[in-house]
Every structure is written in C-alpha cells, then in structure tokens.
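Please read the structure below before turning to the comments.
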Amino acid sequence: MSFFESLLVLMLVAIVLLQLSRRLRAPYPSMLALAGAATALIPGTPVINIDPATALALFIAPALLDAAFDFPVGIAKRFWLPLLVFAIGGVAVTAATVAWVGWAFAGLPVAAAVVLGAIVAPPDAAAATAMLSTMSIPRETDTILRGESLFNDAAALLIFDAALAVQSAGHLNAEVGLHLALAVPGGIIFGILAARMIRRLTRSVSGTLGGNVMQFAQTFLLWIIATRLHLSAVLAVVCCGMTLAQMSESRSSARMRVQSYAVWSAAVFVLNVMAFLLMGMQARAILTDMQPGHLGEAITFALLVVVTVIVVRLAVCIGFNRIHAYYAHRAGRPEPATIKQATLAGWCGMRGLVTLATAFALPADFPQRDMVVLAAFAVVLATLVAQGLTLVPLIRWLGLDRRDEGLRELTKIRAHIARAGFMKLEHEDGPEAELLRSNFKLEKHGNLHAEGAAALSNYRRLALEAINAQREALEELREDNRLTVDEYNLFLEEIDWRELSVLPEEDRRIEET
C-alpha cells in the first residue's frame with residue numbers, strides 16, 4: 001500500500017472515528033491515537049521517511065502560529081506565575097527526570113537523554129481542549145492549559161534544539177555555545193520584524209483566496225528562513241503570531257476570519273492524521289526489525305517513561321498549587337486554585353503533535369533512535385487513551401463540571417454584547433435605526449428572560465422560513481437557466497450569510513467532537 005493510499009485510508013477511518021466520538025461522547029484524539037496504533041499492526045504498511053527539518057516545519061509551525069495568534073498578551077501577564085511554572089519549570093523538570101531515566105536505564109548519552117526528555121515533556125493543549133469540548137471547567141484552568149501549551153512547546157523545542165546540537169557536535173564547544181546564545185534573542189527579534197513585514201504584505205491580499213494561502217506560506221517560510229539563519233524558529237513563529245495579534249491593523253474582515261478558521265481547522269486536523277499515520281508506519285518498522293530480547297527491553301523502557309511523565313506532571317501541578325495556596329493563606333488571600341483544579345490540570349497532560357513531530361525530527365544516526373521513537377509513541381498513545389478517556393469521569397468525580405453555570409455566563413455575556421449595540425443606536429433617528437434597535441433589543445431580551453427567549457425563538461422561526469423561501473426562489477431561477485454559475489453562487493452565499501446571522505449560536509458552529 002502506497003503512502004497516499006495509506007493516508008487516504010486513515011483519513012477515512014479518522015472521519016468515521018470522529019463521528020463515533022461525537023455519538024459516544026468520547027474524545028476524538030484518543031480515537032485517532034488508536035487508529036495510528038492500528039496502522040502499526042497492518043501487514044504491508046509502507047515506511048515513509050521524512051526529512052527532519054521538513055517534519056518540524058510541516059507539523060509544528062502552523063500549530064504554533066495558530067496558538068500564538070489566539071493567545072492574548074494580557075492573559076499571559078495576568079497568569080504569568082502558573083504559566084512560568086508549568087511551561088518552563090514543568091517542562092524542565094519533566095525533561096530532566098526523563099533524561100535521568102534514559103541515562104540510567106537505557107544507557108543513553110546525557111545529551112541524547114535530554115533530547116528524549118524534551119520530546120515527551122510538553123503537554124498538548126489542543127488534545128486537552130478537544131477532550132474538554134463537551135464539558136465546562138473553571139475558566140482559569142482552561143486559560144492556563146491553553147497558554148501553557150503555547151509556552152511549553154517553545155520551551156521544550158528550545159531544549160530539544162540545544163541538546164540535539166550538542167549531541168550532533170559530540171560536545172558543547174564554543175561554536176555550539178555561540179549558536180545557542182544568539183538563537184534565542186535572534187529568533188525573537190526576527191519574529192517581531194517578520195510580523196511587521198507580513199502586515200504590510202498581506203494588505204494587498206486581504207479578503208481574497210490568496211490571503212488564506214498566504215497565511216500558510218508565510219508560516220512555513222518564516223520557520224525555514226529562521227532555521228537557515230541559525231535562529232530559533234520556534235521563538236520566531238511564536239513572537240510573529242503574538243505581534244500580529246496585537247496589531248489593530250492586522251484584524252481581518254469577518255469574511256476572512258470565517259474562511260480562515262474553517263481552512264486552518266481542516267488543515268490542522270489533516271496534519272494530525274498524517275502525524276499519527278507516519279508514527280504508526282515508523283513504529284511498525286521498528287517493531288519488525290527489533291530482536292525479541294531488545295524489543296522487550298524497549299517496551300519496558302517505554303512504559304517506564306510513560307509512568308515518569310504522568311507522575312512528574314501531577315507532582316508539579318499539585319506541588320505548585322499547595323505552595324501557592326500556602327503563601328496565599330499567609331497573606332490573607334483566598335486560594336487562587338483548589339487542589340481539585342490542580343489535579344485536573346495534572347491529568348490534562350496529554351501529549352500530541354509536538355511529541356510526534358520532534359520524534360520524526362531525530363536524525364538517523366541518533367543513539368538508540370528506535371527505542372526513543374517507540375518511547376515517544378508510547379507516551380502519546382498512553383496519555384491520549386488512558387488519560388483522555390478518563391478525563392470526563394474525573395471532572396465529574398472532582399465536581400468541576402460547570403456546564404450549567406457556563407451556559408448562564410455565556411447568556412449574560414451575549415446579552416451584554418447585544419446591549420452595547422443597542423446603546424450605540426439609542427439616539428439615532430429614522431426607520432433604519434428603529435429597525436436595528438428592534439433587532440438588538442430582541443437579542444438582548446432573548447438572553448435575559450423567558451418571554452424574551454420565546455420572542456427571539458419566534459423571530460428566528462419566521463426569519464428561517466423567509467430565508468428558505470428565498471433559497472427555493474433562487475433554485476427555480478437556476479433551473480430556468482436565468483442565472484450563470486457565478487451569479488448563482490453569489491446569491492446563494494448571500495442567503496447563507498443571512499441564515500448564519502439568524503441561527504442560534506449552537507447551530508452556527510462546526511462540531512469537532
């Protein structure tokens with residue numbers, strides 16, 4: 001079976017599993033991990049080798065830019081202490097502990113053992129948030145999990161690059177030290193400058209199909225150029241994304257945001273499918289080539305790494321929570337987070353795309369590469385399946401399921417936003433202003449009390465009936481050949497946007513799980 005055929009089969013299986021996960025309310029990353037593992041057991045699965053630099057650029061760059069663009073700097077300032085502890089301290093402690101395990105039990109050189117630690121250290125918030133999509137947890141916990149993923153990916157990849165450079169050189173010499181010293185500040189400066197240049201270049205393609213293509217091209221190009229300049233590509237992409245998000249001029253149109261969100265969601269999903277497929281292919285090749293005695297040692301070592309990663313994550317989260325609570329009590333302040341929230345954050349340590357991609361990036365001559373890759377795959381599989389499938393029951397057991405409270409908060413926020421639009425039109429005159437005031441008033445009251453909700457529901461019913469009549473009239477014009485294809489698509493799009501503006505929020509979203 002060729003790579004393309006294997007990719008097509010796994011994508012179809014992934015789509016089926018996605019539908020099953022929705023109906024069974026099971027997290028789809030766990031299903032995808034199981035599908036990737038099944039690939040390793042399929043006879044005749046081909047082995048596809050990817051250039052290490054290509055693997056990092058392909059899988060890591062888009063995910064990093066997407067996370068950096070969506071995470072506001074103000075939130076990072078507000079939660080700087082837990083983000084610093086989890087994203088840097090947690091990654092460093094995990095990497096160091098796993099490195100010791102690799103050195104002591106697998107005989108890896110120190111630098112190679114640190115590389116292994118950096119590979120399995122960063123939890124993937126995308127996996128955690130996908131698991132939590134059917135639940136509602138305390139907002140602070142959710143924010144820290146998302147922010148942690150952005151910064152711990154950067155920290156882990158910096159450790160990975162440094163340790164791999166030392167391992168490749170054989171020792172830490174002056175040249176390697178100078179490279180590492182310049183890579184960090186150089187990557188930050190390059191990312192900020194690149195964001196300012198991108199802002200100027202994208203003005204000419206904003207609102208066009210080329211604008212979406214440009215987003216991907218500039219992301220890959222930024223990573224490649226930073227790598228060629230021997231700068232930190234990770235920090236360049238993160239700083240570029242966060243700088244772009246802070247520029248008011250970079251805010252795209254509503255049309256561009258809707259289209260961009262759909263394109264990026266689909267692209268990231270396909271990249272995840274490819275990553276699990278490729279890891280399954282590599283795992284099969286490794287399992288086939290290993291001698292039975294060595295295979296047993298590799299599996300035992302992989303299990304040891306899995307246990308280490310899970311235990312260290314829980315220890316860091318709960319330990320920091322208790323220390324933070326102790327100092328809060330001494331200062332007469334309430335606990336910033338409960339031990340239940342810390343336990344949940346510790347159990348949300350699923351590994352995903354970053355761990356897979358960095359495992360791909362290992363050179364062929366890396367010491368005991370097969371054992372390291374198997375350990376990385378085992379960590380991803382075990383955390384996504386064991387922790388992922390037990391996450392929702394754990395939330396219920398800890399009493400952190402706040403779906404009802406979350407819905408009430410969203411209703412209040414939606415009413416507040418509608419009130420802002422209504423107040424803006426309060427002193428405007430004319431039938432147009434009155435019509436708009438009526439719409440905003442209807443939306444505001446519809447989110448505050450039962451009578452308003454009934455009126456809003458009736459309004460939506462009437463509007464959707466009228467929109468369906470418009471769509472039927474458009475289809476009749478098409479059947480009578482009174483429209484060209486482009487004209488038909490134009491009017492159909494206008495009607496679709498009108499329908500989206502009327503539908504309730506839960507019907508506007510594309511479900512992921």
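We name chains A, B, ... following the order of the structure tokens; residues begin at 1 in each chain, and ligands are numbered from 1 as shown.
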> Hey, what's within 12 Å of Pro185 in chain A if we count only C-alpha atoms and toss same-chain stuff fewer than 3 positions away? As a ChimeraX atom specification, please?
Replying inline: /A:178-182,188-192,226,230-236,239
Quick one: DSSP alpha helix (DSSP H) residues in range 50-107 of chain A, as a PDB file with N, CA and C atoms, in the first residue's frame?
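Output contents, as saved in states-v8.pdb:
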ATOM      1  N   PRO A  52      14.002  15.512   8.647  1.00  0.00           N
ATOM      2  CA  PRO A  52      13.725  16.073   9.979  1.00  0.00           C
ATOM      3  C   PRO A  52      13.302  17.535   9.946  1.00  0.00           C
ATOM      4  N   ALA A  53      13.994  18.359   9.162  1.00  0.00           N
ATOM      5  CA  ALA A  53      13.642  19.777   9.092  1.00  0.00           C
ATOM      6  C   ALA A  53      12.235  19.964   8.519  1.00  0.00           C
ATOM      7  N   THR A  54      11.895  19.142   7.521  1.00  0.00           N
ATOM      8  CA  THR A  54      10.560  19.230   6.929  1.00  0.00           C
ATOM      9  C   THR A  54       9.484  18.830   7.935  1.00  0.00           C
ATOM     10  N   ALA A  55       9.769  17.813   8.741  1.00  0.00           N
ATOM     11  CA  ALA A  55       8.787  17.351   9.726  1.00  0.00           C
ATOM     12  C   ALA A  55       8.450  18.451  10.721  1.00  0.00           C
ATOM     13  N   LEU A  56       9.472  19.145  11.222  1.00  0.00           N
ATOM     14  CA  LEU A  56       9.218  20.208  12.186  1.00  0.00           C
ATOM     15  C   LEU A  56       8.454  21.359  11.552  1.00  0.00           C
ATOM     16  N   ALA A  57       8.873  21.777  10.355  1.00  0.00           N
ATOM     17  CA  ALA A  57       8.194  22.891   9.691  1.00  0.00           C
ATOM     18  C   ALA A  57       6.750  22.534   9.362  1.00  0.00           C
ATOM     19  N   LEU A  58       6.530  21.317   8.894  1.00  0.00           N
ATOM     20  CA  LEU A  58       5.197  20.904   8.455  1.00  0.00           C
ATOM     21  C   LEU A  58       4.226  20.772   9.618  1.00  0.00           C
ATOM     22  N   PHE A  59       4.654  20.134  10.693  1.00  0.00           N
ATOM     23  CA  PHE A  59       3.728  19.820  11.772  1.00  0.00           C
ATOM     24  C   PHE A  59       3.702  20.876  12.884  1.00  0.00           C
ATOM     25  N   ILE A  60       4.846  21.509  13.153  1.00  0.00           N
ATOM     26  CA  ILE A  60       4.926  22.390  14.315  1.00  0.00           C
ATOM     27  C   ILE A  60       4.566  23.830  13.983  1.00  0.00           C
ATOM     28  N   ALA A  61       5.078  24.342  12.863  1.00  0.00           N
ATOM     29  CA  ALA A  61       4.926  25.773  12.564  1.00  0.00           C
ATOM     30  C   ALA A  61       3.465  26.232  12.536  1.00  0.00           C
ATOM     31  N   PRO A  62       2.551  25.565  11.815  1.00  0.00           N
ATOM     32  CA  PRO A  62       1.157  26.044  11.811  1.00  0.00           C
ATOM     33  C   PRO A  62       0.495  25.990  13.185  1.00  0.00           C
ATOM     34  N   ALA A  63       0.760  24.917  13.936  1.00  0.00           N
ATOM     35  CA  ALA A  63       0.146  24.796  15.263  1.00  0.00           C
ATOM     36  C   ALA A  63       0.633  25.898  16.199  1.00  0.00           C
ATOM     37  N   LEU A  64       1.924  26.223  16.138  1.00  0.00           N
ATOM     38  CA  LEU A  64       2.473  27.267  16.994  1.00  0.00           C
ATOM     39  C   LEU A  64       1.905  28.639  16.634  1.00  0.00           C
ATOM     40  N   LEU A  65       1.867  28.950  15.340  1.00  0.00           N
ATOM     41  CA  LEU A  65       1.366  30.258  14.929  1.00  0.00           C
ATOM     42  C   LEU A  65      -0.107  30.417  15.310  1.00  0.00           C
ATOM     43  N   ASP A  66      -0.883  29.370  15.106  1.00  0.00           N
ATOM     44  CA  ASP A  66      -2.306  29.416  15.436  1.00  0.00           C
ATOM     45  C   ASP A  66      -2.503  29.671  16.928  1.00  0.00           C
ATOM     46  N   ALA A  67      -1.741  28.963  17.771  1.00  0.00           N
ATOM     47  CA  ALA A  67      -1.866  29.133  19.218  1.00  0.00           C
ATOM     48  C   ALA A  67      -1.381  30.509  19.655  1.00  0.00           C
ATOM     49  N   ALA A  68      -0.290  30.985  19.058  1.00  0.00           N
ATOM     50  CA  ALA A  68       0.263  32.288  19.436  1.00  0.00           C
ATOM     51  C   ALA A  68      -0.676  33.414  19.038  1.00  0.00           C
ATOM     52  N   PHE A  69      -1.312  33.307  17.885  1.00  0.00           N
ATOM     53  CA  PHE A  69      -2.214  34.359  17.411  1.00  0.00           C
ATOM     54  C   PHE A  69      -3.451  34.461  18.290  1.00  0.00           C
ATOM     55  N   ASP A  70      -3.902  33.317  18.809  1.00  0.00           N
ATOM     56  CA  ASP A  70      -5.148  33.298  19.586  1.00  0.00           C
ATOM     57  C   ASP A  70      -4.944  33.631  21.061  1.00  0.00           C
ATOM     58  N   VAL A  73      -1.693  38.718  24.945  1.00  0.00           N
ATOM     59  CA  VAL A  73      -0.583  39.038  25.833  1.00  0.00           C
ATOM     60  C   VAL A  73      -1.087  39.404  27.227  1.00  0.00           C
ATOM     61  N   GLY A  74      -2.243  40.077  27.306  1.00  0.00           N
ATOM     62  CA  GLY A  74      -2.790  40.464  28.603  1.00  0.00           C
ATOM     63  C   GLY A  74      -3.061  39.275  29.504  1.00  0.00           C
ATOM     64  N   ILE A  75      -3.526  38.178  28.931  1.00  0.00           N
ATOM     65  CA  ILE A  75      -3.777  36.970  29.716  1.00  0.00           C
ATOM     66  C   ILE A  75      -2.462  36.395  30.222  1.00  0.00           C
ATOM     67  N   ALA A  76      -1.426  36.448  29.386  1.00  0.00           N
ATOM     68  CA  ALA A  76      -0.116  35.946  29.799  1.00  0.00           C
ATOM     69  C   ALA A  76       0.411  36.745  30.988  1.00  0.00           C
ATOM     70  N   LYS A  77       0.169  38.066  30.981  1.00  0.00           N
ATOM     71  CA  LYS A  77       0.615  38.892  32.103  1.00  0.00           C
ATOM     72  C   LYS A  77      -0.174  38.575  33.368  1.00  0.00           C
ATOM     73  N   ARG A  78      -1.457  38.311  33.211  1.00  0.00           N
ATOM     74  CA  ARG A  78      -2.306  38.061  34.377  1.00  0.00           C
ATOM     75  C   ARG A  78      -1.958  36.736  35.046  1.00  0.00           C
ATOM     76  N   TRP A  80       0.951  35.008  34.782  1.00  0.00           N
ATOM     77  CA  TRP A  80       2.365  34.791  34.476  1.00  0.00           C
ATOM     78  C   TRP A  80       3.008  33.738  35.380  1.00  0.00           C
ATOM     79  N   LEU A  81       2.605  33.692  36.655  1.00  0.00           N
ATOM     80  CA  LEU A  81       3.261  32.758  37.572  1.00  0.00           C
ATOM     81  C   LEU A  81       2.943  31.297  37.243  1.00  0.00           C
ATOM     82  N   PRO A  82       1.654  30.883  37.150  1.00  0.00           N
ATOM     83  CA  PRO A  82       1.408  29.476  36.776  1.00  0.00           C
ATOM     84  C   PRO A  82       1.915  29.136  35.389  1.00  0.00           C
ATOM     85  N   LEU A  83       1.840  30.097  34.461  1.00  0.00           N
ATOM     86  CA  LEU A  83       2.373  29.819  33.125  1.00  0.00           C
ATOM     87  C   LEU A  83       3.878  29.602  33.171  1.00  0.00           C
ATOM     88  N   LEU A  84       4.569  30.403  33.965  1.00  0.00           N
ATOM     89  CA  LEU A  84       6.016  30.256  34.096  1.00  0.00           C
ATOM     90  C   LEU A  84       6.366  28.916  34.743  1.00  0.00           C
ATOM     91  N   VAL A  91       8.227  21.792  32.189  1.00  0.00           N
ATOM     92  CA  VAL A  91       8.941  21.180  31.060  1.00  0.00           C
ATOM     93  C   VAL A  91      10.364  20.820  31.462  1.00  0.00           C
ATOM     94  N   ALA A  92      11.029  21.731  32.171  1.00  0.00           N
ATOM     95  CA  ALA A  92      12.417  21.473  32.570  1.00  0.00           C
ATOM     96  C   ALA A  92      12.508  20.286  33.529  1.00  0.00           C
ATOM     97  N   VAL A  93      11.595  20.228  34.519  1.00  0.00           N
ATOM     98  CA  VAL A  93      11.619  19.119  35.477  1.00  0.00           C
ATOM     99  C   VAL A  93      11.312  17.798  34.782  1.00  0.00           C
ATOM    100  N   THR A  94      10.296  17.797  33.903  1.00  0.00           N
ATOM    101  CA  THR A  94       9.951  16.569  33.168  1.00  0.00           C
ATOM    102  C   THR A  94      11.103  16.123  32.286  1.00  0.00           C
ATOM    103  N   ALA A  95      11.680  17.073  31.535  1.00  0.00           N
ATOM    104  CA  ALA A  95      12.791  16.728  30.645  1.00  0.00           C
ATOM    105  C   ALA A  95      13.974  16.185  31.443  1.00  0.00           C
ATOM    106  N   ALA A  96      14.284  16.794  32.582  1.00  0.00           N
ATOM    107  CA  ALA A  96      15.417  16.347  33.391  1.00  0.00           C
ATOM    108  C   ALA A  96      15.166  14.959  33.981  1.00  0.00           C
ATOM    109  N   THR A  97      13.939  14.738  34.465  1.00  0.00           N
ATOM    110  CA  THR A  97      13.627  13.430  35.069  1.00  0.00           C
ATOM    111  C   THR A  97      13.656  12.322  34.029  1.00  0.00           C
ATOM    112  N   VAL A  98      13.047  12.567  32.875  1.00  0.00           N
ATOM    113  CA  VAL A  98      13.063  11.562  31.807  1.00  0.00           C
ATOM    114  C   VAL A  98      14.487  11.358  31.299  1.00  0.00           C
ATOM    115  N   ALA A  99      15.269  12.437  31.247  1.00  0.00           N
ATOM    116  CA  ALA A  99      16.666  12.309  30.826  1.00  0.00           C
ATOM    117  C   ALA A  99      17.430  11.392  31.771  1.00  0.00           C
ATOM    118  N   TRP A 100      17.170  11.543  33.066  1.00  0.00           N
ATOM    119  CA  TRP A 100      17.836  10.648  34.025  1.00  0.00           C
ATOM    120  C   TRP A 100      17.408   9.197  33.802  1.00  0.00           C
ATOM    121  N   VAL A 101      16.133   8.993  33.544  1.00  0.00           N
ATOM    122  CA  VAL A 101      15.634   7.643  33.270  1.00  0.00           C
ATOM    123  C   VAL A 101      16.306   7.078  32.016  1.00  0.00           C
ATOM    124  N   GLY A 102      16.421   7.890  30.964  1.00  0.00           N
ATOM    125  CA  GLY A 102      17.078   7.432  29.740  1.00  0.00           C
ATOM    126  C   GLY A 102      18.543   7.130  29.934  1.00  0.00           C
ATOM    127  N   TRP A 103      19.217   7.940  30.753  1.00  0.00           N
ATOM    128  CA  TRP A 103      20.647   7.715  31.003  1.00  0.00           C
ATOM    129  C   TRP A 103      20.870   6.490  31.900  1.00  0.00           C
ATOM    130  N   ALA A 104      20.027   6.349  32.931  1.00  0.00           N
ATOM    131  CA  ALA A 104      20.235   5.292  33.917  1.00  0.00           C
ATOM    132  C   ALA A 104      19.749   3.928  33.437  1.00  0.00           C
ATOM    133  N   PHE A 105      18.644   3.885  32.701  1.00  0.00           N
ATOM    134  CA  PHE A 105      18.036   2.595  32.356  1.00  0.00           C
ATOM    135  C   PHE A 105      18.255   2.183  30.906  1.00  0.00           C
TER     136      PHE A 105
END
Could you give me, as CSV, every range 359-403 of chain A residue with an atom at most 12 Å from range 302-323 of chain A, plus its closest atom pair and distance in Å to one decimal, counting only C-alpha atoms, rows ordered by chain then number?
residue,atom,partner,partner_atom,distance
A:Asp370,CA,A:Ala302,CA,11.1
A:Met371,CA,A:Ala302,CA,7.8
A:Val372,CA,A:Ala302,CA,8.1
A:Val373,CA,A:Ala302,CA,9.3
A:Leu374,CA,A:Ala302,CA,6.7
A:Ala375,CA,A:Ala302,CA,4.2
A:Ala376,CA,A:Ala302,CA,7.7
A:Phe377,CA,A:Ala302,CA,8.6
A:Ala378,CA,A:Ala302,CA,6.2
A:Val379,CA,A:Val306,CA,5.1
A:Val380,CA,A:Val306,CA,8.7
A:Leu381,CA,A:Val306,CA,9.5
A:Ala382,CA,A:Val306,CA,7.1
A:Thr383,CA,A:Ile310,CA,7.9
A:Leu384,CA,A:Val306,CA,11.4
A:Ala386,CA,A:Ile310,CA,10.6
A:Gln387,CA,A:Ile310,CA,9.2
